[in-house]
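This is work-v4.txt. It holds compact mmCIF, N, CA and C atoms.
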```
# COMPACT_ATOMS: atom_id res chain seq x y z
N MET A 1 -63.93 28.02 -24.91
CA MET A 1 -63.10 28.02 -23.72
C MET A 1 -61.68 28.44 -24.08
N PRO A 2 -61.04 29.23 -23.26
CA PRO A 2 -59.72 29.75 -23.61
C PRO A 2 -58.57 28.77 -23.38
N ILE A 3 -58.85 27.53 -22.97
CA ILE A 3 -57.80 26.55 -22.70
C ILE A 3 -57.71 25.57 -23.85
N THR A 4 -56.51 25.39 -24.39
CA THR A 4 -56.26 24.42 -25.44
C THR A 4 -55.22 23.44 -24.93
N VAL A 5 -55.51 22.15 -25.01
CA VAL A 5 -54.57 21.11 -24.59
C VAL A 5 -53.99 20.46 -25.84
N ARG A 6 -52.68 20.26 -25.82
CA ARG A 6 -51.98 19.70 -26.97
C ARG A 6 -50.75 18.94 -26.49
N ALA A 7 -50.15 18.20 -27.40
CA ALA A 7 -48.89 17.52 -27.10
C ALA A 7 -47.79 18.57 -26.94
N ALA A 8 -46.85 18.30 -26.07
CA ALA A 8 -45.74 19.23 -25.85
C ALA A 8 -44.84 19.29 -27.09
N ARG A 9 -44.27 20.46 -27.30
CA ARG A 9 -43.30 20.67 -28.37
C ARG A 9 -41.96 21.05 -27.75
N VAL A 10 -40.89 20.83 -28.46
CA VAL A 10 -39.56 21.16 -27.97
C VAL A 10 -39.49 22.63 -27.55
N THR A 11 -40.18 23.49 -28.26
CA THR A 11 -40.16 24.92 -27.94
C THR A 11 -40.82 25.24 -26.60
N ASP A 12 -41.56 24.30 -26.04
CA ASP A 12 -42.18 24.51 -24.73
C ASP A 12 -41.19 24.36 -23.58
N TYR A 13 -40.07 23.72 -23.82
CA TYR A 13 -39.16 23.36 -22.74
C TYR A 13 -38.72 24.57 -21.91
N LEU A 14 -38.29 25.62 -22.55
CA LEU A 14 -37.84 26.80 -21.79
C LEU A 14 -38.98 27.45 -21.02
N LEU A 15 -40.18 27.42 -21.58
CA LEU A 15 -41.34 27.96 -20.88
C LEU A 15 -41.65 27.14 -19.63
N MET A 16 -41.57 25.82 -19.76
CA MET A 16 -41.82 24.93 -18.62
C MET A 16 -40.83 25.18 -17.49
N LYS A 17 -39.57 25.36 -17.85
CA LYS A 17 -38.54 25.56 -16.84
C LYS A 17 -38.79 26.79 -15.98
N GLU A 18 -39.51 27.76 -16.53
CA GLU A 18 -39.79 29.00 -15.79
C GLU A 18 -40.68 28.75 -14.57
N PHE A 19 -41.54 27.73 -14.62
CA PHE A 19 -42.48 27.52 -13.52
C PHE A 19 -42.50 26.10 -12.97
N ASP A 20 -41.66 25.23 -13.48
CA ASP A 20 -41.63 23.84 -13.02
C ASP A 20 -41.03 23.78 -11.62
N VAL A 21 -41.84 23.38 -10.64
CA VAL A 21 -41.38 23.32 -9.25
C VAL A 21 -40.65 22.01 -8.95
N PHE A 22 -40.69 21.06 -9.86
CA PHE A 22 -40.03 19.78 -9.66
C PHE A 22 -38.69 19.79 -10.39
N ALA A 23 -37.68 19.25 -9.77
CA ALA A 23 -36.38 19.17 -10.43
C ALA A 23 -36.44 18.11 -11.52
N GLY A 24 -35.89 18.43 -12.65
CA GLY A 24 -35.86 17.43 -13.70
C GLY A 24 -35.85 18.03 -15.09
N ASP A 25 -35.38 17.25 -16.02
CA ASP A 25 -35.30 17.64 -17.42
C ASP A 25 -36.46 16.96 -18.14
N ARG A 26 -37.39 17.73 -18.65
CA ARG A 26 -38.61 17.19 -19.27
C ARG A 26 -38.44 16.82 -20.74
N ARG A 27 -37.26 17.03 -21.31
CA ARG A 27 -37.10 16.77 -22.74
C ARG A 27 -37.28 15.29 -23.10
N MET A 28 -36.83 14.37 -22.24
CA MET A 28 -37.03 12.94 -22.52
C MET A 28 -38.52 12.60 -22.47
N ASP A 29 -39.23 13.20 -21.51
CA ASP A 29 -40.69 12.99 -21.44
C ASP A 29 -41.36 13.47 -22.72
N MET A 30 -40.88 14.60 -23.25
CA MET A 30 -41.42 15.12 -24.51
C MET A 30 -41.18 14.13 -25.65
N GLU A 31 -39.95 13.63 -25.72
CA GLU A 31 -39.61 12.70 -26.80
C GLU A 31 -40.46 11.44 -26.76
N ARG A 32 -40.81 11.00 -25.57
CA ARG A 32 -41.66 9.81 -25.43
C ARG A 32 -43.14 10.13 -25.64
N GLY A 33 -43.47 11.39 -25.84
CA GLY A 33 -44.86 11.78 -26.06
C GLY A 33 -45.70 11.73 -24.80
N GLU A 34 -45.08 11.93 -23.63
CA GLU A 34 -45.78 11.80 -22.36
C GLU A 34 -46.25 13.12 -21.77
N LEU A 35 -45.97 14.23 -22.41
CA LEU A 35 -46.37 15.52 -21.85
C LEU A 35 -47.49 16.16 -22.65
N LEU A 36 -48.51 16.59 -21.92
CA LEU A 36 -49.57 17.41 -22.50
C LEU A 36 -49.40 18.82 -21.97
N VAL A 37 -49.59 19.80 -22.81
CA VAL A 37 -49.41 21.20 -22.46
C VAL A 37 -50.75 21.91 -22.62
N ALA A 38 -51.00 22.84 -21.71
CA ALA A 38 -52.20 23.67 -21.80
C ALA A 38 -51.80 25.09 -22.14
N ASP A 39 -52.36 25.60 -23.23
CA ASP A 39 -52.22 27.01 -23.58
C ASP A 39 -53.46 27.71 -23.04
N TYR A 40 -53.26 28.87 -22.45
CA TYR A 40 -54.37 29.62 -21.87
C TYR A 40 -54.46 30.97 -22.57
N LYS A 41 -55.54 31.16 -23.29
CA LYS A 41 -55.73 32.36 -24.11
C LYS A 41 -54.50 32.51 -24.99
N ALA A 42 -53.79 33.62 -24.92
CA ALA A 42 -52.62 33.82 -25.78
C ALA A 42 -51.33 33.34 -25.12
N HIS A 43 -51.41 32.86 -23.90
CA HIS A 43 -50.21 32.43 -23.19
C HIS A 43 -49.91 30.97 -23.52
N LEU A 44 -48.79 30.73 -24.19
CA LEU A 44 -48.38 29.38 -24.50
C LEU A 44 -47.82 28.71 -23.26
N CYS A 45 -48.15 27.47 -23.05
CA CYS A 45 -47.63 26.64 -21.97
C CYS A 45 -47.88 27.25 -20.59
N ALA A 46 -49.15 27.38 -20.25
CA ALA A 46 -49.52 27.86 -18.91
C ALA A 46 -49.45 26.73 -17.89
N GLY A 47 -49.37 25.50 -18.37
CA GLY A 47 -49.26 24.35 -17.50
C GLY A 47 -49.00 23.11 -18.31
N TYR A 48 -48.62 22.03 -17.60
CA TYR A 48 -48.41 20.78 -18.30
C TYR A 48 -48.71 19.60 -17.39
N LEU A 49 -48.85 18.44 -18.00
CA LEU A 49 -49.17 17.20 -17.30
C LEU A 49 -48.31 16.10 -17.90
N LYS A 50 -47.86 15.18 -17.06
CA LYS A 50 -47.14 13.99 -17.54
C LYS A 50 -48.04 12.78 -17.39
N LEU A 51 -48.30 12.11 -18.49
CA LEU A 51 -49.08 10.89 -18.53
C LEU A 51 -48.20 9.78 -19.07
N THR A 52 -47.78 8.89 -18.18
CA THR A 52 -46.98 7.75 -18.62
C THR A 52 -47.92 6.61 -18.97
N SER A 53 -47.54 5.84 -19.95
CA SER A 53 -48.45 4.80 -20.42
C SER A 53 -48.37 3.51 -19.64
N ASN A 54 -47.24 3.22 -19.00
CA ASN A 54 -47.15 1.91 -18.38
C ASN A 54 -46.17 1.85 -17.20
N GLU A 55 -45.83 2.93 -16.58
CA GLU A 55 -44.86 2.92 -15.49
C GLU A 55 -45.46 2.49 -14.14
N PHE A 56 -46.76 2.43 -14.04
CA PHE A 56 -47.41 2.09 -12.77
C PHE A 56 -48.15 0.77 -12.95
N PHE A 57 -47.48 -0.33 -12.67
CA PHE A 57 -48.07 -1.66 -12.83
C PHE A 57 -48.71 -1.83 -14.20
N ASN A 58 -48.03 -1.27 -15.19
CA ASN A 58 -48.47 -1.35 -16.59
C ASN A 58 -49.80 -0.65 -16.83
N LYS A 59 -50.06 0.39 -16.05
CA LYS A 59 -51.29 1.20 -16.18
C LYS A 59 -50.91 2.65 -16.45
N PRO A 60 -51.77 3.43 -17.11
CA PRO A 60 -51.51 4.84 -17.30
C PRO A 60 -51.46 5.57 -15.96
N LEU A 61 -50.48 6.46 -15.82
CA LEU A 61 -50.29 7.20 -14.59
C LEU A 61 -50.07 8.68 -14.87
N ILE A 62 -50.87 9.51 -14.22
CA ILE A 62 -50.64 10.95 -14.23
C ILE A 62 -49.70 11.22 -13.06
N SER A 63 -48.45 11.50 -13.37
CA SER A 63 -47.45 11.64 -12.31
C SER A 63 -47.10 13.10 -12.01
N LEU A 64 -47.42 14.00 -12.89
CA LEU A 64 -47.16 15.42 -12.66
C LEU A 64 -48.27 16.26 -13.26
N VAL A 65 -48.70 17.24 -12.53
CA VAL A 65 -49.56 18.31 -13.05
C VAL A 65 -48.95 19.59 -12.51
N VAL A 66 -48.43 20.40 -13.41
CA VAL A 66 -47.73 21.62 -12.99
C VAL A 66 -48.36 22.80 -13.73
N ILE A 67 -48.85 23.77 -12.96
CA ILE A 67 -49.49 24.96 -13.54
C ILE A 67 -48.69 26.19 -13.13
N ASN A 68 -48.42 27.04 -14.09
CA ASN A 68 -47.76 28.32 -13.81
C ASN A 68 -48.58 29.05 -12.76
N GLU A 69 -47.94 29.49 -11.70
CA GLU A 69 -48.65 30.11 -10.57
C GLU A 69 -49.53 31.28 -11.02
N ALA A 70 -49.12 31.99 -12.03
CA ALA A 70 -49.90 33.14 -12.53
C ALA A 70 -51.22 32.72 -13.18
N TYR A 71 -51.37 31.42 -13.49
CA TYR A 71 -52.56 30.96 -14.20
C TYR A 71 -53.34 29.90 -13.43
N ARG A 72 -53.10 29.77 -12.15
CA ARG A 72 -53.81 28.79 -11.34
C ARG A 72 -55.25 29.22 -11.07
N SER A 73 -56.09 28.27 -10.73
CA SER A 73 -57.51 28.49 -10.42
C SER A 73 -58.30 28.99 -11.62
N ARG A 74 -57.91 28.53 -12.80
CA ARG A 74 -58.62 28.90 -14.03
C ARG A 74 -59.10 27.68 -14.80
N GLY A 75 -59.02 26.50 -14.17
CA GLY A 75 -59.48 25.28 -14.81
C GLY A 75 -58.45 24.58 -15.66
N ILE A 76 -57.22 25.05 -15.66
CA ILE A 76 -56.18 24.47 -16.51
C ILE A 76 -55.83 23.06 -16.07
N GLY A 77 -55.63 22.86 -14.76
CA GLY A 77 -55.32 21.52 -14.26
C GLY A 77 -56.44 20.54 -14.56
N SER A 78 -57.67 20.98 -14.35
CA SER A 78 -58.83 20.12 -14.65
C SER A 78 -58.85 19.72 -16.11
N GLN A 79 -58.64 20.68 -16.98
CA GLN A 79 -58.69 20.41 -18.42
C GLN A 79 -57.59 19.45 -18.84
N LEU A 80 -56.39 19.62 -18.27
CA LEU A 80 -55.30 18.71 -18.58
C LEU A 80 -55.64 17.28 -18.14
N ILE A 81 -56.16 17.13 -16.93
CA ILE A 81 -56.49 15.81 -16.41
C ILE A 81 -57.61 15.16 -17.23
N ILE A 82 -58.63 15.92 -17.57
CA ILE A 82 -59.73 15.40 -18.39
C ILE A 82 -59.21 14.90 -19.73
N GLU A 83 -58.32 15.66 -20.34
CA GLU A 83 -57.74 15.26 -21.63
C GLU A 83 -56.91 13.98 -21.47
N ALA A 84 -56.15 13.88 -20.38
CA ALA A 84 -55.35 12.67 -20.14
C ALA A 84 -56.25 11.45 -19.98
N ILE A 85 -57.34 11.60 -19.25
CA ILE A 85 -58.29 10.50 -19.07
C ILE A 85 -58.86 10.07 -20.42
N GLU A 86 -59.22 11.04 -21.25
CA GLU A 86 -59.78 10.72 -22.57
C GLU A 86 -58.76 10.00 -23.44
N ARG A 87 -57.50 10.40 -23.37
CA ARG A 87 -56.46 9.76 -24.19
C ARG A 87 -56.18 8.33 -23.74
N ALA A 88 -56.40 8.04 -22.48
CA ALA A 88 -56.13 6.70 -21.95
C ALA A 88 -57.43 6.00 -21.55
N SER A 89 -58.52 6.31 -22.22
CA SER A 89 -59.85 5.88 -21.79
C SER A 89 -60.07 4.37 -21.78
N TRP A 90 -59.26 3.63 -22.48
CA TRP A 90 -59.47 2.19 -22.49
C TRP A 90 -58.79 1.49 -21.30
N HIS A 91 -58.15 2.26 -20.44
CA HIS A 91 -57.46 1.72 -19.27
C HIS A 91 -57.93 2.45 -18.02
N GLU A 92 -57.68 1.83 -16.86
CA GLU A 92 -57.82 2.56 -15.61
C GLU A 92 -56.69 3.59 -15.56
N VAL A 93 -57.00 4.78 -15.14
CA VAL A 93 -55.99 5.83 -15.05
C VAL A 93 -55.72 6.11 -13.58
N TYR A 94 -54.44 6.16 -13.24
CA TYR A 94 -54.02 6.44 -11.87
C TYR A 94 -53.38 7.81 -11.81
N LEU A 95 -53.37 8.37 -10.61
CA LEU A 95 -52.79 9.68 -10.36
C LEU A 95 -52.13 9.62 -8.98
N THR A 96 -50.96 10.22 -8.85
CA THR A 96 -50.32 10.28 -7.54
C THR A 96 -50.06 11.73 -7.18
N THR A 97 -50.03 11.98 -5.87
CA THR A 97 -49.71 13.31 -5.37
C THR A 97 -49.17 13.19 -3.95
N GLU A 98 -48.42 14.19 -3.55
CA GLU A 98 -47.88 14.21 -2.21
C GLU A 98 -49.00 14.33 -1.19
N ALA A 99 -48.78 13.76 -0.01
CA ALA A 99 -49.79 13.80 1.04
C ALA A 99 -50.13 15.23 1.45
N ARG A 100 -49.19 16.16 1.33
CA ARG A 100 -49.46 17.54 1.74
C ARG A 100 -50.19 18.35 0.66
N ASN A 101 -50.30 17.81 -0.55
CA ASN A 101 -50.91 18.55 -1.65
C ASN A 101 -52.43 18.37 -1.62
N THR A 102 -53.05 19.06 -0.68
CA THR A 102 -54.50 18.90 -0.51
C THR A 102 -55.28 19.49 -1.69
N GLY A 103 -54.71 20.47 -2.36
CA GLY A 103 -55.38 21.04 -3.53
C GLY A 103 -55.54 20.00 -4.63
N MET A 104 -54.48 19.24 -4.90
CA MET A 104 -54.57 18.19 -5.92
C MET A 104 -55.49 17.07 -5.46
N GLN A 105 -55.49 16.77 -4.18
CA GLN A 105 -56.39 15.73 -3.67
C GLN A 105 -57.85 16.13 -3.89
N ARG A 106 -58.18 17.39 -3.62
CA ARG A 106 -59.56 17.87 -3.85
C ARG A 106 -59.91 17.82 -5.33
N LEU A 107 -58.97 18.25 -6.18
CA LEU A 107 -59.22 18.24 -7.62
C LEU A 107 -59.42 16.82 -8.12
N ALA A 108 -58.59 15.90 -7.67
CA ALA A 108 -58.73 14.50 -8.10
C ALA A 108 -60.10 13.96 -7.71
N SER A 109 -60.52 14.22 -6.48
CA SER A 109 -61.83 13.75 -6.03
C SER A 109 -62.95 14.38 -6.84
N LYS A 110 -62.84 15.67 -7.08
CA LYS A 110 -63.86 16.40 -7.86
C LYS A 110 -64.00 15.82 -9.27
N LEU A 111 -62.88 15.36 -9.85
CA LEU A 111 -62.90 14.83 -11.21
C LEU A 111 -63.23 13.34 -11.28
N GLY A 112 -63.50 12.71 -10.14
CA GLY A 112 -63.93 11.33 -10.15
C GLY A 112 -62.87 10.31 -9.77
N PHE A 113 -61.76 10.75 -9.21
CA PHE A 113 -60.74 9.82 -8.74
C PHE A 113 -61.04 9.41 -7.31
N LEU A 114 -60.71 8.18 -7.00
CA LEU A 114 -60.89 7.62 -5.66
C LEU A 114 -59.52 7.29 -5.10
N GLU A 115 -59.26 7.70 -3.85
CA GLU A 115 -57.99 7.36 -3.22
C GLU A 115 -57.95 5.86 -2.97
N VAL A 116 -56.88 5.21 -3.48
CA VAL A 116 -56.80 3.75 -3.39
C VAL A 116 -55.52 3.26 -2.72
N GLY A 117 -54.62 4.17 -2.38
CA GLY A 117 -53.40 3.69 -1.76
C GLY A 117 -52.52 4.78 -1.21
N LEU A 118 -51.52 4.35 -0.46
CA LEU A 118 -50.55 5.24 0.16
C LEU A 118 -49.19 4.56 0.11
N VAL A 119 -48.19 5.28 -0.34
CA VAL A 119 -46.82 4.77 -0.33
C VAL A 119 -46.05 5.62 0.65
N ARG A 120 -45.66 5.03 1.75
CA ARG A 120 -44.98 5.78 2.81
C ARG A 120 -43.54 6.10 2.42
N GLY A 121 -43.15 7.35 2.67
CA GLY A 121 -41.77 7.78 2.48
C GLY A 121 -41.25 7.69 1.06
N LEU A 122 -42.09 7.77 0.06
CA LEU A 122 -41.67 7.59 -1.33
C LEU A 122 -40.80 8.74 -1.84
N ASN A 123 -41.13 9.95 -1.48
CA ASN A 123 -40.46 11.11 -2.05
C ASN A 123 -39.09 11.34 -1.42
N PHE A 124 -38.28 12.15 -2.11
CA PHE A 124 -36.92 12.43 -1.66
C PHE A 124 -36.88 12.97 -0.24
N ASP A 125 -37.89 13.74 0.13
CA ASP A 125 -37.91 14.32 1.48
C ASP A 125 -38.60 13.41 2.49
N GLY A 126 -38.92 12.19 2.09
CA GLY A 126 -39.54 11.23 2.98
C GLY A 126 -41.05 11.35 3.09
N GLU A 127 -41.63 12.27 2.32
CA GLU A 127 -43.08 12.46 2.38
C GLU A 127 -43.82 11.29 1.73
N ASP A 128 -45.00 11.02 2.24
CA ASP A 128 -45.85 9.98 1.69
C ASP A 128 -46.48 10.43 0.38
N GLU A 129 -46.79 9.47 -0.48
CA GLU A 129 -47.44 9.72 -1.76
C GLU A 129 -48.78 9.00 -1.77
N LEU A 130 -49.84 9.72 -2.12
CA LEU A 130 -51.18 9.13 -2.23
C LEU A 130 -51.41 8.67 -3.66
N VAL A 131 -52.15 7.58 -3.80
CA VAL A 131 -52.46 7.02 -5.11
C VAL A 131 -53.97 7.08 -5.31
N PHE A 132 -54.39 7.58 -6.46
CA PHE A 132 -55.80 7.70 -6.81
C PHE A 132 -56.05 6.93 -8.11
N ARG A 133 -57.27 6.39 -8.26
CA ARG A 133 -57.68 5.72 -9.50
C ARG A 133 -58.96 6.39 -10.01
N TYR A 134 -58.99 6.65 -11.30
CA TYR A 134 -60.18 7.24 -11.91
C TYR A 134 -61.27 6.19 -11.98
N GLN A 135 -62.46 6.59 -11.57
CA GLN A 135 -63.61 5.68 -11.58
C GLN A 135 -64.33 5.77 -12.91
N THR A 136 -64.17 4.77 -13.75
CA THR A 136 -64.76 4.79 -15.09
C THR A 136 -66.25 4.50 -15.09
N ASP A 137 -66.78 3.98 -14.01
CA ASP A 137 -68.19 3.58 -13.96
C ASP A 137 -69.08 4.66 -13.36
N GLN A 138 -68.79 5.90 -13.63
CA GLN A 138 -69.59 6.99 -13.05
C GLN A 138 -70.83 7.25 -13.86
```
Can you present the structure in this file as structure tokens?
Amino acid sequence: MPITVRAARVTDYLLMKEFDVFAGDRRMDMERGELLVADYKAHLCAGYLKLTSNEFFNKPLISLVVINEAYRSRGIGSQLIIEAIERASWHEVYLTTEARNTGMQRLASKLGFLEVGLVRGLNFDGEDELVFRYQTDQ
């Protein structure tokens, strides 16, 4: 498979900034070891995922999945999420996404996540955030 998932490196930062749709500096996330990067064929850093170990009621949380638009629909997001689940396999893994992000909702369901909650008005623009939990008993 042409997708390789690995821990983020400092050299990935400028590549991430080229396609990161969320405002923020990812270098602290890198230092904490919370970012996984997907390389696609010869393209370094075609996407990344943030997996925090304990920010969500002391449970692992996938809080960001960002794929370079040029490399979407190639299985990169799925591969990143699968790797995150494997790395946190001894815990329930949660994932959040905006209510309007139906693509991520479909992907989460396809990968075995169940919608378990809604936080109204959580985001800066007042949008609701959906909460999903990975079902380990599949």
Give the helix (DSSP H, G or I) residues of chain A, as DSSP finds them on the backbone, and put them as an MDAnalysis selection string.
chainID A and resid 10:19 27:31 69:71 76:87 102:110
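Going from atom CA of Ile81 of chain A over to atom CA of Ala8 of chain A, you cover 14.7 Å.
In this model, the gap between atom CA of Ala38 of chain A and atom CA of Val5 of chain A comes to 4.5 Å.
Each of A:Leu49, A:Leu61, A:Leu114, A:Ala7 was compared to Tyr134 of chain A using only C-alpha atoms, and A:Leu114 turns out to be the nearest.
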Show me, as a PyMOL selection string, the residues that have an atom within 8 Å of His91 of chain A when counting all atoms listed in the file, minus same-chain residues fewer than 6 positions from it.
chain A and resi 59-60+85+134+136
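Coordinates place atom C of Trp90 of chain A at a distance of 20.7 Å from atom N of Ser78 of chain A.
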From A:Glu69, A:Asp128, A:Pro2, A:Leu35, residue lying nearest Arg100 of chain A [only N, CA and C atoms]
A:Asp128
Which residue, A:Phe56, A:Asp12, A:Glu31, A:Glu18, has the smallest gap to Leu44 of chain A when you use all atoms listed in the file?
A:Asp12
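Using only N, CA and C atoms for every distance, the candidate list A:Met28, A:Val131, A:Ala42, A:Leu111 yields A:Val131 as the residue closest to Tyr94 of chain A.
Among the candidates A:Asn101, A:Thr96, A:Ser73, A:Asn68, the one nearest to Phe132 of chain A when counting all atoms listed in the file is A:Thr96.
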DSSP says strand (DSSP E or B) for which residues of chain A? Put them as a VMD selection string?
chain A and resid 3 to 7 35 to 40 43 to 56 59 to 67 94 to 98 113 to 119 129 to 134
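When the distance limit is 8 Å and only N, CA and C atoms are what count, the residues near Ile76 of chain A, minus those fewer than 2 positions from it on the same chain, are Ile3, Thr4, Ala38, Asp39, Tyr40, Ala46, Gly47, Tyr48, Val66, Ile67, Tyr71, Arg72, Ser73, Arg74, Ser78, Gln79, Leu80, Ile81 and Ile82 of chain A.
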Using only N, CA and C atoms, which of A:Phe19, A:Tyr13, A:Phe124, A:Phe113 sits nearest Val93 of chain A?
A:Phe113
Spatial neighbours of Lys50 of chain A, 8 Å, all atoms listed in the file, chain gap at least 4 places, as a list in words:
Asp29, Gly33, Glu34, Leu35, Leu36, Val37, Leu61, Ile62, Ser63, Leu64, Val65, Val66 and Ala84 of chain A
Expected file contents, prior selection, N, CA and C atoms, as a short mmCIF file (atom, residue, chain, number, x, y, z; two decimals), in the coordinates of the input:
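File produced: selection-v8.cif:
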```
data_model
loop_
_atom_site.label_atom_id
_atom_site.label_comp_id
_atom_site.auth_asym_id
_atom_site.auth_seq_id
_atom_site.Cartn_x
_atom_site.Cartn_y
_atom_site.Cartn_z
N ASP A 29 -39.23 13.20 -21.51
CA ASP A 29 -40.69 12.99 -21.44
C ASP A 29 -41.36 13.47 -22.72
N GLY A 33 -43.47 11.39 -25.84
CA GLY A 33 -44.86 11.78 -26.06
C GLY A 33 -45.70 11.73 -24.80
N GLU A 34 -45.08 11.93 -23.63
CA GLU A 34 -45.78 11.80 -22.36
C GLU A 34 -46.25 13.12 -21.77
N LEU A 35 -45.97 14.23 -22.41
CA LEU A 35 -46.37 15.52 -21.85
C LEU A 35 -47.49 16.16 -22.65
N LEU A 36 -48.51 16.59 -21.92
CA LEU A 36 -49.57 17.41 -22.50
C LEU A 36 -49.40 18.82 -21.97
N VAL A 37 -49.59 19.80 -22.81
CA VAL A 37 -49.41 21.20 -22.46
C VAL A 37 -50.75 21.91 -22.62
N LEU A 61 -50.48 6.46 -15.82
CA LEU A 61 -50.29 7.20 -14.59
C LEU A 61 -50.07 8.68 -14.87
N ILE A 62 -50.87 9.51 -14.22
CA ILE A 62 -50.64 10.95 -14.23
C ILE A 62 -49.70 11.22 -13.06
N SER A 63 -48.45 11.50 -13.37
CA SER A 63 -47.45 11.64 -12.31
C SER A 63 -47.10 13.10 -12.01
N LEU A 64 -47.42 14.00 -12.89
CA LEU A 64 -47.16 15.42 -12.66
C LEU A 64 -48.27 16.26 -13.26
N VAL A 65 -48.70 17.24 -12.53
CA VAL A 65 -49.56 18.31 -13.05
C VAL A 65 -48.95 19.59 -12.51
N VAL A 66 -48.43 20.40 -13.41
CA VAL A 66 -47.73 21.62 -12.99
C VAL A 66 -48.36 22.80 -13.73
N ALA A 84 -56.15 13.88 -20.38
CA ALA A 84 -55.35 12.67 -20.14
C ALA A 84 -56.25 11.45 -19.98
#
```
What would segment 40-53 of chain A look like with N, CA, C and O atoms restored, written as a PDB file, keeping the file's coordinate frame?
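Once everything was written out, this is result17.pdb:
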```
ATOM      1  N   TYR A  40     -53.260  28.870 -22.450  1.00  0.00           N
ATOM      2  CA  TYR A  40     -54.370  29.620 -21.870  1.00  0.00           C
ATOM      3  C   TYR A  40     -54.460  30.970 -22.570  1.00  0.00           C
ATOM      4  O   TYR A  40     -53.556  31.788 -22.464  1.00  0.00           O
ATOM      5  N   LYS A  41     -55.540  31.160 -23.290  1.00  0.00           N
ATOM      6  CA  LYS A  41     -55.730  32.360 -24.110  1.00  0.00           C
ATOM      7  C   LYS A  41     -54.500  32.510 -24.990  1.00  0.00           C
ATOM      8  O   LYS A  41     -54.156  31.602 -25.722  1.00  0.00           O
ATOM      9  N   ALA A  42     -53.790  33.620 -24.920  1.00  0.00           N
ATOM     10  CA  ALA A  42     -52.620  33.820 -25.780  1.00  0.00           C
ATOM     11  C   ALA A  42     -51.330  33.340 -25.120  1.00  0.00           C
ATOM     12  O   ALA A  42     -50.269  33.405 -25.729  1.00  0.00           O
ATOM     13  N   HIS A  43     -51.410  32.860 -23.900  1.00  0.00           N
ATOM     14  CA  HIS A  43     -50.210  32.430 -23.190  1.00  0.00           C
ATOM     15  C   HIS A  43     -49.910  30.970 -23.520  1.00  0.00           C
ATOM     16  O   HIS A  43     -50.680  30.081 -23.173  1.00  0.00           O
ATOM     17  N   LEU A  44     -48.790  30.730 -24.190  1.00  0.00           N
ATOM     18  CA  LEU A  44     -48.380  29.380 -24.500  1.00  0.00           C
ATOM     19  C   LEU A  44     -47.820  28.710 -23.260  1.00  0.00           C
ATOM     20  O   LEU A  44     -47.099  29.330 -22.477  1.00  0.00           O
ATOM     21  N   CYS A  45     -48.150  27.470 -23.050  1.00  0.00           N
ATOM     22  CA  CYS A  45     -47.630  26.640 -21.970  1.00  0.00           C
ATOM     23  C   CYS A  45     -47.880  27.250 -20.590  1.00  0.00           C
ATOM     24  O   CYS A  45     -46.965  27.582 -19.852  1.00  0.00           O
ATOM     25  N   ALA A  46     -49.150  27.380 -20.250  1.00  0.00           N
ATOM     26  CA  ALA A  46     -49.520  27.860 -18.910  1.00  0.00           C
ATOM     27  C   ALA A  46     -49.450  26.730 -17.890  1.00  0.00           C
ATOM     28  O   ALA A  46     -49.462  26.978 -16.688  1.00  0.00           O
ATOM     29  N   GLY A  47     -49.370  25.500 -18.370  1.00  0.00           N
ATOM     30  CA  GLY A  47     -49.260  24.350 -17.500  1.00  0.00           C
ATOM     31  C   GLY A  47     -49.000  23.110 -18.310  1.00  0.00           C
ATOM     32  O   GLY A  47     -49.115  23.124 -19.538  1.00  0.00           O
ATOM     33  N   TYR A  48     -48.620  22.030 -17.600  1.00  0.00           N
ATOM     34  CA  TYR A  48     -48.410  20.780 -18.300  1.00  0.00           C
ATOM     35  C   TYR A  48     -48.710  19.600 -17.390  1.00  0.00           C
ATOM     36  O   TYR A  48     -48.799  19.742 -16.169  1.00  0.00           O
ATOM     37  N   LEU A  49     -48.850  18.440 -18.000  1.00  0.00           N
ATOM     38  CA  LEU A  49     -49.170  17.200 -17.300  1.00  0.00           C
ATOM     39  C   LEU A  49     -48.310  16.100 -17.900  1.00  0.00           C
ATOM     40  O   LEU A  49     -48.085  16.078 -19.112  1.00  0.00           O
ATOM     41  N   LYS A  50     -47.860  15.180 -17.060  1.00  0.00           N
ATOM     42  CA  LYS A  50     -47.140  13.990 -17.540  1.00  0.00           C
ATOM     43  C   LYS A  50     -48.040  12.780 -17.390  1.00  0.00           C
ATOM     44  O   LYS A  50     -48.488  12.464 -16.295  1.00  0.00           O
ATOM     45  N   LEU A  51     -48.300  12.110 -18.490  1.00  0.00           N
ATOM     46  CA  LEU A  51     -49.080  10.890 -18.530  1.00  0.00           C
ATOM     47  C   LEU A  51     -48.200   9.780 -19.070  1.00  0.00           C
ATOM     48  O   LEU A  51     -47.866   9.761 -20.245  1.00  0.00           O
ATOM     49  N   THR A  52     -47.780   8.890 -18.180  1.00  0.00           N
ATOM     50  CA  THR A  52     -46.980   7.750 -18.620  1.00  0.00           C
ATOM     51  C   THR A  52     -47.920   6.610 -18.970  1.00  0.00           C
ATOM     52  O   THR A  52     -48.958   6.443 -18.346  1.00  0.00           O
ATOM     53  N   SER A  53     -47.540   5.840 -19.950  1.00  0.00           N
ATOM     54  CA  SER A  53     -48.450   4.800 -20.420  1.00  0.00           C
ATOM     55  C   SER A  53     -48.370   3.510 -19.640  1.00  0.00           C
ATOM     56  O   SER A  53     -49.339   2.747 -19.600  1.00  0.00           O
TER      57      SER A  53
END
```
